[in-house]
$ cat final.cif   # mmCIF, C-alpha atoms
data_entry
#
loop_
_atom_site.label_atom_id
_atom_site.label_comp_id
_atom_site.auth_asym_id
_atom_site.auth_seq_id
_atom_site.Cartn_x
_atom_site.Cartn_y
_atom_site.Cartn_z
CA MET A 1071 5.74 -11.39 32.42
CA THR A 1072 4.35 -8.50 34.46
CA ASP A 1073 2.92 -5.61 32.47
CA THR A 1074 5.45 -2.81 32.64
CA SER A 1075 3.45 -0.27 30.65
CA ILE A 1076 3.56 2.40 33.38
CA ARG A 1077 6.82 1.65 35.14
CA ARG A 1078 8.91 4.37 33.51
CA ARG A 1079 8.55 7.72 31.77
CA THR A 1080 9.61 7.65 28.14
CA VAL A 1081 9.17 9.97 25.21
CA LEU A 1082 9.09 9.61 21.49
CA ILE A 1083 10.46 12.53 19.49
CA ALA A 1084 8.41 13.84 16.60
CA SER A 1085 10.24 13.44 13.29
CA GLY A 1086 11.32 16.56 11.40
CA ALA A 1087 14.14 18.12 9.47
CA THR A 1088 14.75 21.21 11.62
CA ALA A 1089 15.95 21.24 15.21
CA ALA A 1090 14.09 23.36 17.74
CA THR A 1091 14.34 24.04 21.45
CA LEU A 1092 13.02 21.20 23.61
CA THR A 1093 9.59 21.95 25.01
CA VAL A 1094 7.77 19.24 26.91
CA GLY A 1095 4.00 19.66 26.97
CA ALA A 1096 4.02 22.93 25.01
CA THR A 1097 1.69 23.42 22.10
CA THR A 1098 3.68 26.11 20.25
CA PRO A 1099 7.44 25.83 20.86
CA GLU A 1100 9.62 28.85 20.12
CA ALA A 1101 12.74 28.51 17.97
CA PRO A 1102 16.06 28.97 19.83
CA SER A 1103 17.88 32.26 19.54
CA ALA A 1104 21.41 32.45 18.20
CA THR A 1105 22.69 33.10 21.74
CA ASP A 1106 20.69 30.33 23.38
CA PRO A 1107 23.12 27.60 24.58
CA ALA A 1108 20.48 24.97 23.86
CA SER A 1109 20.58 25.89 20.20
CA THR A 1110 24.12 24.54 19.91
CA ALA A 1111 23.40 21.22 21.65
CA PRO A 1112 23.17 18.15 19.40
CA VAL A 1113 19.56 17.30 18.68
CA ALA A 1114 17.73 14.66 16.66
CA ALA A 1115 15.02 15.96 14.33
CA ALA A 1116 12.45 18.41 15.73
CA ALA A 1117 12.90 18.49 19.50
CA VAL A 1118 9.25 18.64 20.55
CA CYS A 1119 8.85 15.78 23.01
CA THR A 1120 5.58 14.02 23.71
CA LEU A 1121 5.38 12.01 26.91
CA THR A 1122 4.12 8.49 26.43
CA LYS A 1123 3.78 5.32 28.47
CA GLU A 1124 5.94 2.31 27.79
CA MET A 1125 4.48 -0.81 26.21
CA THR A 1126 4.38 -4.25 27.78
CA GLU A 1127 7.39 -6.54 27.30
CA GLY A 1128 5.10 -9.46 26.53
CA PRO A 1129 5.77 -13.17 27.13
CA TYR A 1130 8.38 -13.86 24.43
CA TYR A 1131 11.50 -12.02 25.62
CA LEU A 1132 14.75 -13.98 25.94
CA ASP A 1133 17.81 -12.63 27.78
CA GLY A 1134 21.25 -12.35 26.25
CA GLN A 1135 20.49 -12.29 22.54
CA LEU A 1136 23.11 -11.63 19.86
CA VAL A 1137 24.57 -8.22 19.11
CA ARG A 1138 24.23 -8.02 15.34
CA ALA A 1139 22.93 -5.67 12.68
CA ASP A 1140 21.01 -8.33 10.73
CA VAL A 1141 18.58 -10.48 12.73
CA SER A 1142 16.74 -12.01 9.78
CA GLU A 1143 18.88 -15.17 9.51
CA ASP A 1144 17.24 -17.37 6.84
CA LYS A 1145 13.69 -16.21 7.43
CA THR A 1146 11.54 -15.68 4.36
CA GLY A 1147 9.64 -12.42 4.32
CA VAL A 1148 9.40 -8.84 3.13
CA PRO A 1149 12.73 -7.04 3.80
CA LEU A 1150 12.66 -4.43 6.58
CA LYS A 1151 15.41 -1.87 7.19
CA LEU A 1152 14.99 -0.18 10.57
CA THR A 1153 16.62 3.11 11.52
CA LEU A 1154 15.95 3.90 15.19
CA THR A 1155 17.40 7.04 16.77
CA VAL A 1156 17.77 7.18 20.55
CA VAL A 1157 17.87 10.56 22.31
CA ASP A 1158 17.85 11.87 25.87
CA ASP A 1159 14.33 13.01 26.75
CA ASP A 1160 15.49 16.09 28.66
CA THR A 1161 17.91 17.51 26.07
CA CYS A 1162 17.11 15.59 22.87
CA ALA A 1163 20.84 14.93 22.56
CA PRO A 1164 21.60 11.67 20.70
CA LEU A 1165 22.50 8.79 23.00
CA GLY A 1166 25.59 6.94 21.78
CA ASP A 1167 26.66 3.41 22.76
CA ALA A 1168 23.11 2.45 23.71
CA LEU A 1169 22.08 -1.08 22.80
CA VAL A 1170 18.84 -1.14 20.82
CA GLU A 1171 17.41 -4.66 20.97
CA ILE A 1172 14.44 -5.99 19.01
CA TRP A 1173 12.51 -9.24 18.82
CA HIS A 1174 9.44 -10.22 16.83
CA CYS A 1175 7.64 -13.13 15.21
CA ASP A 1176 8.18 -14.44 11.68
CA ALA A 1177 5.71 -14.43 8.79
CA LEU A 1178 3.83 -17.34 10.37
CA GLY A 1179 3.51 -15.56 13.70
CA GLU A 1180 6.07 -17.75 15.46
CA TYR A 1181 8.74 -16.49 17.88
CA SER A 1182 12.11 -18.19 18.10
CA GLY A 1183 12.29 -20.14 21.33
CA PHE A 1184 8.51 -20.56 21.30
CA VAL A 1185 7.74 -22.10 17.90
CA GLY A 1186 4.35 -23.77 17.80
CA GLY A 1187 2.67 -21.12 19.90
CA ASN A 1188 0.83 -19.82 16.85
CA GLY A 1189 -0.07 -23.24 15.49
CA HIS A 1190 2.67 -23.68 12.89
CA ASP A 1191 5.41 -26.30 12.80
CA GLU A 1192 8.89 -25.12 11.79
CA PRO A 1193 12.51 -25.39 13.00
CA ASP A 1194 13.33 -23.38 16.13
CA ASN A 1195 16.93 -22.30 16.81
CA GLY A 1196 16.00 -19.85 19.57
CA THR A 1197 17.68 -16.89 17.85
CA PHE A 1198 15.88 -15.92 14.63
CA LEU A 1199 14.49 -12.39 14.53
CA ARG A 1200 16.21 -11.45 17.79
CA GLY A 1201 19.18 -9.19 18.48
CA GLY A 1202 20.38 -5.63 18.50
CA VAL A 1203 23.15 -3.14 17.88
CA LEU A 1204 24.90 -0.31 19.66
CA THR A 1205 24.02 3.21 18.55
CA GLY A 1206 26.69 5.43 17.04
CA SER A 1207 27.58 8.88 18.34
CA ASP A 1208 24.55 10.13 16.39
CA GLY A 1209 22.25 7.91 18.45
CA VAL A 1210 21.29 5.84 15.41
CA ALA A 1211 20.83 2.07 15.38
CA ARG A 1212 20.33 0.36 12.01
CA ILE A 1213 18.88 -3.15 12.06
CA THR A 1214 17.92 -5.40 9.15
CA SER A 1215 15.03 -7.83 9.60
CA VAL A 1216 11.85 -8.91 7.83
CA TYR A 1217 8.36 -7.48 8.17
CA PRO A 1218 6.74 -9.33 11.08
CA GLY A 1219 3.75 -11.60 10.72
CA TRP A 1220 0.96 -11.86 13.25
CA TYR A 1221 -0.28 -14.17 15.95
CA ARG A 1222 -3.66 -14.63 17.55
CA GLY A 1223 -5.01 -11.53 19.30
CA ARG A 1224 -2.28 -9.04 18.35
CA CYS A 1225 -1.65 -6.73 15.44
CA ILE A 1226 1.70 -6.78 13.65
CA HIS A 1227 4.40 -5.30 15.89
CA ILE A 1228 8.05 -5.43 16.96
CA HIS A 1229 9.25 -5.38 20.57
CA VAL A 1230 12.12 -3.03 21.43
CA LYS A 1231 14.35 -2.38 24.42
CA VAL A 1232 17.05 0.25 24.95
CA HIS A 1233 19.95 -0.58 27.29
CA THR A 1234 22.99 1.44 28.35
CA ASP A 1235 26.36 0.42 29.82
CA VAL A 1236 26.12 -3.17 28.58
CA THR A 1237 29.15 -5.45 28.41
CA LEU A 1238 29.70 -7.28 25.13
CA THR A 1239 30.54 -10.95 25.65
CA SER A 1240 32.87 -13.28 23.75
CA ASP A 1241 29.95 -15.29 22.37
CA GLY A 1242 28.58 -12.26 20.53
CA SER A 1243 25.92 -11.40 23.09
CA PHE A 1244 25.75 -8.85 25.93
CA GLU A 1245 25.15 -8.69 29.64
CA GLY A 1246 24.59 -6.19 32.45
CA GLY A 1247 23.82 -2.53 31.95
CA GLN A 1248 20.66 -0.54 32.60
CA GLU A 1249 17.37 -0.96 30.79
CA LEU A 1250 16.01 2.48 29.87
CA HIS A 1251 13.05 1.66 27.69
CA THR A 1252 10.71 -1.18 26.79
CA GLY A 1253 8.27 -0.54 23.97
CA GLN A 1254 6.73 -1.76 20.75
CA LEU A 1255 6.91 -0.64 17.13
CA PHE A 1256 3.79 -0.64 14.96
CA PHE A 1257 2.99 -0.64 11.25
CA ASP A 1258 0.59 1.30 9.05
CA GLU A 1259 -2.46 -0.85 8.38
CA ALA A 1260 -2.66 -0.06 4.65
CA ILE A 1261 0.91 -1.29 4.16
CA THR A 1262 0.26 -4.37 6.29
CA GLU A 1263 -2.70 -5.25 4.07
CA ASP A 1264 -0.36 -5.35 1.06
CA VAL A 1265 2.28 -7.35 2.93
CA ALA A 1266 -0.33 -9.87 4.10
CA GLU A 1267 -0.90 -10.84 0.46
CA VAL A 1268 2.74 -11.83 -0.09
CA ALA A 1269 3.03 -15.63 -0.19
CA ALA A 1270 5.04 -16.10 3.02
CA TYR A 1271 2.40 -14.21 5.02
CA ALA A 1272 -0.63 -15.57 3.21
CA ALA A 1273 0.40 -19.00 4.55
CA ASN A 1274 -0.31 -17.79 8.11
CA THR A 1275 -3.52 -19.59 9.04
CA VAL A 1276 -4.36 -17.44 12.07
CA PRO A 1277 -6.92 -14.59 11.70
CA ARG A 1278 -5.16 -11.21 11.71
CA THR A 1279 -5.92 -8.55 14.31
CA THR A 1280 -5.79 -5.07 12.78
CA LEU A 1281 -4.05 -2.04 14.24
CA ALA A 1282 -7.42 -0.53 15.22
CA GLN A 1283 -8.47 -3.76 16.96
CA ASP A 1284 -5.25 -4.21 18.92
CA SER A 1285 -5.43 -4.15 22.72
CA ILE A 1286 -1.98 -2.56 23.18
CA TYR A 1287 -1.69 0.11 20.48
CA ASP A 1288 -3.56 3.23 21.61
CA ASP A 1289 -3.83 5.12 18.30
CA GLY A 1290 -1.14 7.56 19.40
CA GLY A 1291 0.84 7.57 16.14
CA ALA A 1292 4.61 8.01 16.46
CA ALA A 1293 4.13 8.81 20.16
CA SER A 1294 2.98 5.21 20.59
CA GLY A 1295 5.60 3.59 18.37
CA LEU A 1296 4.08 3.89 14.89
CA LEU A 1297 6.93 3.65 12.37
CA THR A 1298 7.31 5.89 9.36
CA LEU A 1299 7.51 3.43 6.46
CA THR A 1300 9.03 4.06 3.04
CA ALA A 1301 8.83 1.57 0.18
CA LEU A 1302 12.13 0.14 -1.04
CA GLY A 1303 10.69 -0.77 -4.43
CA GLY A 1304 7.59 -0.92 -6.57
CA SER A 1305 5.81 -3.71 -4.69
CA ALA A 1306 5.26 -4.86 -1.13
CA ALA A 1307 7.63 -7.78 -1.71
CA SER A 1308 10.49 -5.31 -2.33
CA GLY A 1309 10.43 -4.27 1.32
CA TYR A 1310 10.28 -1.15 3.46
CA ALA A 1311 12.47 1.19 5.45
CA GLY A 1312 11.10 1.98 8.90
CA THR A 1313 12.20 4.96 10.99
CA LEU A 1314 11.41 6.27 14.45
CA THR A 1315 13.10 8.44 17.08
CA LEU A 1316 12.93 7.11 20.64
CA GLY A 1317 13.48 9.48 23.55
CA VAL A 1318 14.40 7.81 26.82
CA GLU A 1319 14.85 9.01 30.37
CA THR A 1320 18.51 8.65 31.28
CA GLY A 1321 18.47 10.14 34.78
#

$ encode --input "final.cif" --output "structure tokens"
Amino acid sequence: MTDTSIRRRTVLIASGATAATLTVGATTPEAPSATDPASTAPVAAAAVCTLTKEMTEGPYYLDGQLVRADVSEDKTGVPLKLTLTVVDDDTCAPLGDALVEIWHCDALGEYSGFVGGNGHDEPDNGTFLRGGVLTGSDGVARITSVYPGWYRGRCIHIHVKVHTDVTLTSDGSFEGGQELHTGQLFFDEAITEDVAEVAAYAANTVPRTTLAQDSIYDDGGAASGLLTLTALGGSAASGYAGTLTLGVETG
């Protein structure tokens, strides 16, 4: 596929507990006054937007995947609970009814529809670890998956797209609409090191590329798709919750 890293303007919204007036490119945003109309607009977290380029779609995208909240199917791996919030980049207002779609490889670094590309032999149904959900009125999409593995030359990551105005189909998929964002989600290297020791991942025979060595991730933190990860239990095998706010250009 053609690299689409610079084809659109997209922002990622810095996480925070208190809403503030949207300021793009400002270093010290001022809080809204009580009479400021913007202060009453719905916002997601702290509304300080950082412009960022989109990430490449990569070679493993498949059209028309299932609309579902759990994409893990029967894949063995560390549980991952994603909470992705989509907002308008100009107003930081949550974007409802947007389809947030993800796809990623399994613990052995294999993508459904392309099994064998990372040197491992396993069944391929063309759907595992692919799919997405519509956001609620709060702009939030919650998706259950497993922590990705890795394949040759890339660090651990998840691909993500945001679509609007899609039509849900009778076979549980979607069609049409407008694609607003194509990006990737990344994982803290210290946590990945722990996950890589879990049996399902330790069976991956391909050398692992670290976050710092990756050719796509640009060390931009949340502004480049780095998830905030929270442990779900006392060990890596218990899983993680991953959160990020995505701001997209809707106009």

$ closest_residue --input "final.cif" --among "A:Ala1168, A:Ala1163, A:Ala1292, A:Leu1316" --to "Thr1237 of chain A" --atoms "all atoms listed in the file"
A:Ala1168

$ closest_residue --input "final.cif" --among "A:His1227, A:His1251, A:Lys1151, A:Arg1200" --to "Gly1134 of chain A" --atoms "only C-alpha atoms"
A:Arg1200

$ atom_distance --input "final.cif" --atom1 "atom CA of Ser1308 of chain A" --atom2 "atom CA of Asp1288 of chain A"
29.0 Å

$ atom_distance --input "final.cif" --atom1 "atom CA of Asp1159 of chain A" --atom2 "atom CA of Glu1124 of chain A"
13.6 Å

$ residues_around --input "final.cif" --residues "segment 1211-1222 of chain A" --least-positions-apart "5" --cutoff "7 Å" --atoms "only C-alpha atoms" --output "VMD selection string"
chain A and resid 1139 to 1142 1147 to 1155 1170 1174 to 1179 1188 1199 1203 to 1206 1227 1271 1276 to 1278

$ closest_residue --input "final.cif" --among "A:Val1137, A:Leu1250, A:Val1265, A:Ala1307" --to "His1233 of chain A" --atoms "only C-alpha atoms"
A:Leu1250

$ atom_distance --input "final.cif" --atom1 "atom CA of Gln1283 of chain A" --atom2 "atom CA of Val1185 of chain A"
24.5 Å

$ closest_residue --input "final.cif" --among "A:Ile1228, A:Val1157, A:Thr1234, A:Glu1267" --to "Thr1126 of chain A" --atoms "all atoms listed in the file"
A:Ile1228

$ closest_residue --input "final.cif" --among "A:Ser1207, A:Asn1274, A:Ser1240, A:Thr1262" --to "Leu1299 of chain A" --atoms "only C-alpha atoms"
A:Thr1262

$ closest_residue --input "final.cif" --among "A:Gly1201, A:Gly1304, A:Gly1246, A:Gly1209" --to "Gly1166 of chain A" --atoms "all atoms listed in the file"
A:Gly1209

$ axis_aligned_box --input "final.cif" --around "segment 1286-1292 of chain A" --padding-each-side "8 Å" --output "AutoDock Vina command-line options"
--center_x 0.4 --center_y 2.7 --center_z 19.7 --size_x 24.4 --size_y 26.6 --size_z 23.0

$ resolve_selection --input "final.cif" --expression "the PyMOL selection byres ((chain A and resi 1320) around 7)" --output "short mmCIF file (atom, residue, chain, number, x, y, z; two decimals) with C-alpha atoms, in the frame of the given file"
data_model
loop_
_atom_site.label_atom_id
_atom_site.label_comp_id
_atom_site.auth_asym_id
_atom_site.auth_seq_id
_atom_site.Cartn_x
_atom_site.Cartn_y
_atom_site.Cartn_z
CA ASP A 1158 17.85 11.87 25.87
CA LEU A 1250 16.01 2.48 29.87
CA VAL A 1318 14.40 7.81 26.82
CA GLU A 1319 14.85 9.01 30.37
CA GLY A 1321 18.47 10.14 34.78
#

$ resolve_selection --input "final.cif" --expression "the PyMOL selection byres ((chain A and resi 1295) around 8)" --output "list in words"
Leu1082, Gly1253, Gln1254, Leu1255, Phe1256, Gly1290, Gly1291, Ala1292, Ala1293, Ser1294, Leu1296, Leu1297 and Leu1314 of chain A

$ write_last_selection --input "final.cif" --atoms "C-alpha atoms" --output "short mmCIF file (atom, residue, chain, number, x, y, z; two decimals), in the frame of the given file"
data_model
loop_
_atom_site.label_atom_id
_atom_site.label_comp_id
_atom_site.auth_asym_id
_atom_site.auth_seq_id
_atom_site.Cartn_x
_atom_site.Cartn_y
_atom_site.Cartn_z
CA LEU A 1082 9.09 9.61 21.49
CA GLY A 1253 8.27 -0.54 23.97
CA GLN A 1254 6.73 -1.76 20.75
CA LEU A 1255 6.91 -0.64 17.13
CA PHE A 1256 3.79 -0.64 14.96
CA GLY A 1290 -1.14 7.56 19.40
CA GLY A 1291 0.84 7.57 16.14
CA ALA A 1292 4.61 8.01 16.46
CA ALA A 1293 4.13 8.81 20.16
CA SER A 1294 2.98 5.21 20.59
CA LEU A 1296 4.08 3.89 14.89
CA LEU A 1297 6.93 3.65 12.37
CA LEU A 1314 11.41 6.27 14.45
#

$ resolve_selection --input "final.cif" --expression "the PyMOL selection byres ((chain A and resi 1286) around 9)" --output "count of residues only"
8
